$ cat query.json   # JSON, C-alpha atoms
[["chain", "number", "residue", "atom", "x", "y", "z"],
["S", 1, "MET", "CA", 36.91, -24.44, 43.10],
["S", 2, "ARG", "CA", 34.11, -26.00, 41.07],
["S", 3, "GLY", "CA", 32.33, -22.62, 40.78],
["S", 4, "LYS", "CA", 35.34, -20.96, 39.16],
["S", 5, "TYR", "CA", 35.63, -23.67, 36.52],
["S", 6, "GLY", "CA", 31.93, -23.50, 35.78],
["S", 7, "LEU", "CA", 32.15, -19.75, 35.26],
["S", 8, "TRP", "CA", 35.17, -20.10, 32.95],
["S", 9, "LEU", "CA", 33.45, -22.86, 30.99],
["S", 10, "ALA", "CA", 30.30, -20.78, 30.58],
["S", 11, "ALA", "CA", 32.33, -17.78, 29.38],
["S", 12, "ALA", "CA", 34.30, -19.92, 26.92],
["S", 13, "LEU", "CA", 31.12, -21.46, 25.50],
["S", 14, "LEU", "CA", 29.49, -18.04, 25.12],
["S", 15, "ILE", "CA", 32.52, -16.67, 23.28],
["S", 16, "ALA", "CA", 32.70, -19.74, 21.02],
["S", 17, "TRP", "CA", 28.98, -19.43, 20.27],
["S", 18, "ALA", "CA", 29.30, -15.76, 19.31],
["S", 19, "VAL", "CA", 32.44, -16.31, 17.21],
["S", 20, "ALA", "CA", 30.81, -19.20, 15.36],
["S", 21, "GLY", "CA", 28.09, -16.87, 14.11],
["S", 22, "CYS", "CA", 25.37, -18.43, 16.21],
["S", 23, "GLY", "CA", 24.70, -15.23, 18.08],
["S", 24, "PRO", "CA", 21.50, -13.29, 17.71],
["S", 25, "ARG", "CA", 21.04, -11.72, 14.29],
["S", 26, "LYS", "CA", 20.09, -8.12, 13.90],
["S", 27, "ARG", "CA", 16.41, -7.62, 13.27],
["S", 28, "TYR", "CA", 14.38, -4.71, 12.00],
["S", 29, "TRP", "CA", 10.71, -3.81, 11.65],
["S", 30, "CYS", "CA", 9.33, -4.45, 8.17],
["S", 31, "HIS", "CA", 5.92, -4.07, 6.55],
["S", 32, "PRO", "CA", 4.69, -5.93, 3.48],
["S", 33, "THR", "CA", 3.13, -2.90, 1.74],
["S", 34, "LYS", "CA", 4.38, 0.34, 3.31],
["S", 35, "PRO", "CA", 7.58, 2.12, 2.24],
["S", 36, "ALA", "CA", 10.07, 1.52, 5.01],
["S", 37, "LEU", "CA", 11.35, 4.66, 6.70],
["S", 38, "ALA", "CA", 8.58, 7.25, 6.34],
["S", 39, "ALA", "CA", 5.79, 4.85, 7.26],
["S", 40, "TRP", "CA", 7.78, 3.37, 10.14],
["S", 41, "GLN", "CA", 8.48, 6.81, 11.59],
["S", 42, "THR", "CA", 4.79, 7.75, 11.43],
["S", 43, "ASP", "CA", 3.56, 4.49, 12.94],
["S", 44, "ASN", "CA", 6.33, 4.51, 15.55],
["S", 45, "TYR", "CA", 5.38, 8.00, 16.68],
["S", 46, "GLN", "CA", 1.68, 7.18, 16.87],
["S", 47, "CYS", "CA", 2.30, 3.86, 18.66],
["S", 48, "GLU", "CA", 4.54, 5.53, 21.24],
["S", 49, "GLY", "CA", 1.66, 7.82, 22.18],
["S", 50, "GLU", "CA", -0.89, 5.01, 22.19],
["S", 51, "ALA", "CA", 1.38, 2.74, 24.22],
["S", 52, "TYR", "CA", 1.84, 5.38, 26.90],
["S", 53, "GLN", "CA", -1.91, 6.05, 27.04],
["S", 54, "ARG", "CA", -2.73, 2.33, 27.36],
["S", 55, "ALA", "CA", -0.09, 1.83, 30.04],
["S", 56, "ARG", "CA", -1.40, 4.89, 31.89],
["S", 57, "ALA", "CA", -4.94, 3.52, 31.76],
["S", 58, "ARG", "CA", -3.66, 0.33, 33.41],
["S", 59, "GLY", "CA", -1.64, 2.29, 35.98],
["S", 60, "ASP", "CA", 1.73, 1.20, 34.52],
["S", 61, "THR", "CA", 3.16, 4.56, 33.45],
["S", 62, "GLY", "CA", 6.40, 4.00, 35.36],
["S", 63, "SER", "CA", 6.99, 0.60, 33.78],
["S", 64, "LYS", "CA", 9.14, 0.83, 30.65],
["S", 65, "ARG", "CA", 8.47, -2.85, 30.03],
["S", 66, "ALA", "CA", 4.68, -2.35, 30.02],
["S", 67, "ILE", "CA", 4.98, 0.60, 27.66],
["S", 68, "LYS", "CA", 7.26, -1.36, 25.31],
["S", 69, "GLU", "CA", 4.84, -4.30, 25.29],
["S", 70, "GLU", "CA", 1.98, -1.96, 24.35],
["S", 71, "TRP", "CA", 4.15, -0.36, 21.65],
["S", 72, "ILE", "CA", 4.94, -3.78, 20.15],
["S", 73, "LYS", "CA", 1.24, -4.71, 20.16],
["S", 74, "CYS", "CA", 0.43, -1.44, 18.38],
["S", 75, "MET", "CA", 3.13, -1.90, 15.72],
["S", 76, "ARG", "CA", 2.00, -5.47, 15.05],
["S", 77, "ALA", "CA", -1.62, -4.34, 14.82],
["S", 78, "ARG", "CA", -0.52, -1.93, 12.09],
["S", 79, "GLY", "CA", 1.06, -4.79, 10.13],
["S", 80, "TRP", "CA", 4.71, -4.44, 11.19],
["S", 81, "THR", "CA", 6.74, -7.56, 11.95],
["S", 82, "LEU", "CA", 10.32, -8.23, 13.03],
["S", 83, "CYS", "CA", 12.36, -9.46, 10.07],
["S", 84, "PRO", "CA", 15.94, -10.77, 10.07],
["S", 85, "GLN", "CA", 18.39, -8.29, 8.61],
["S", 86, "ARG", "CA", 19.73, -9.27, 5.23],
["S", 87, "ASP", "CA", 23.41, -10.13, 4.96],
["S", 88, "ASP", "CA", 24.00, -7.50, 2.26],
["S", 89, "ASP", "CA", 22.99, -4.60, 4.59]]

$ encode --input "query.json" --output "structure tokens"
Amino acid sequence: MRGKYGLWLAAALLIAWAVAGCGPRKRYWCHPTKPALAAWQTDNYQCEGEAYQRARARGDTGSKRAIKEEWIKCMRARGWTLCPQRDDD
């Protein structure tokens, strides 16, 4: 019986947390000097290719996680960071 109550309590706390606005905020990639969309699309495309090549060199081509990690490293190396989304968007 204790397991059922624990599960219900966890679900209730999760719902309360999300309703209270404490849930994760949306984030987006931003750059301090590049215009948003066009530059992001170019860098995204180039980093996707580089990430796959780096993962392939390590023997991780089947690992989506490894490719995503390489993509994130590439985007950050180009100056992109994750920024919280503004409330007016």

$ residues_around --input "query.json" --residues "S:Gln46" --least-positions-apart "2" --cutoff "12 Å" --atoms "all atoms listed in the file" --output "count of residues only"
18

$ closest_residue --input "query.json" --among "S:Ala57, S:Leu82, S:Ala77, S:Cys47" --to "S:Tyr28" --atoms "all atoms listed in the file"
S:Leu82

$ closest_residue --input "query.json" --among "S:Pro32, S:Gly62, S:Ala38, S:Ala55" --to "S:Gly79" --atoms "all atoms listed in the file"
S:Pro32

$ axis_aligned_box --input "query.json" --around "stretch 73-88 of chain S" --padding-each-side "5 Å" --output "lines of an AutoDock Vina configuration file"
center_x = 11.2
center_y = -6.1
center_z = 11.2
size_x = 35.6
size_y = 19.3
size_z = 27.9

$ atom_distance --input "query.json" --atom1 "atom CA of S:Thr81" --atom2 "atom CA of S:Ser63"
23.3 Å

$ atom_distance --input "query.json" --atom1 "atom CA of S:Arg54" --atom2 "atom CA of S:Lys34"
25.2 Å

$ atom_distance --input "query.json" --atom1 "atom CA of S:Arg56" --atom2 "atom CA of S:Trp80"
23.5 Å
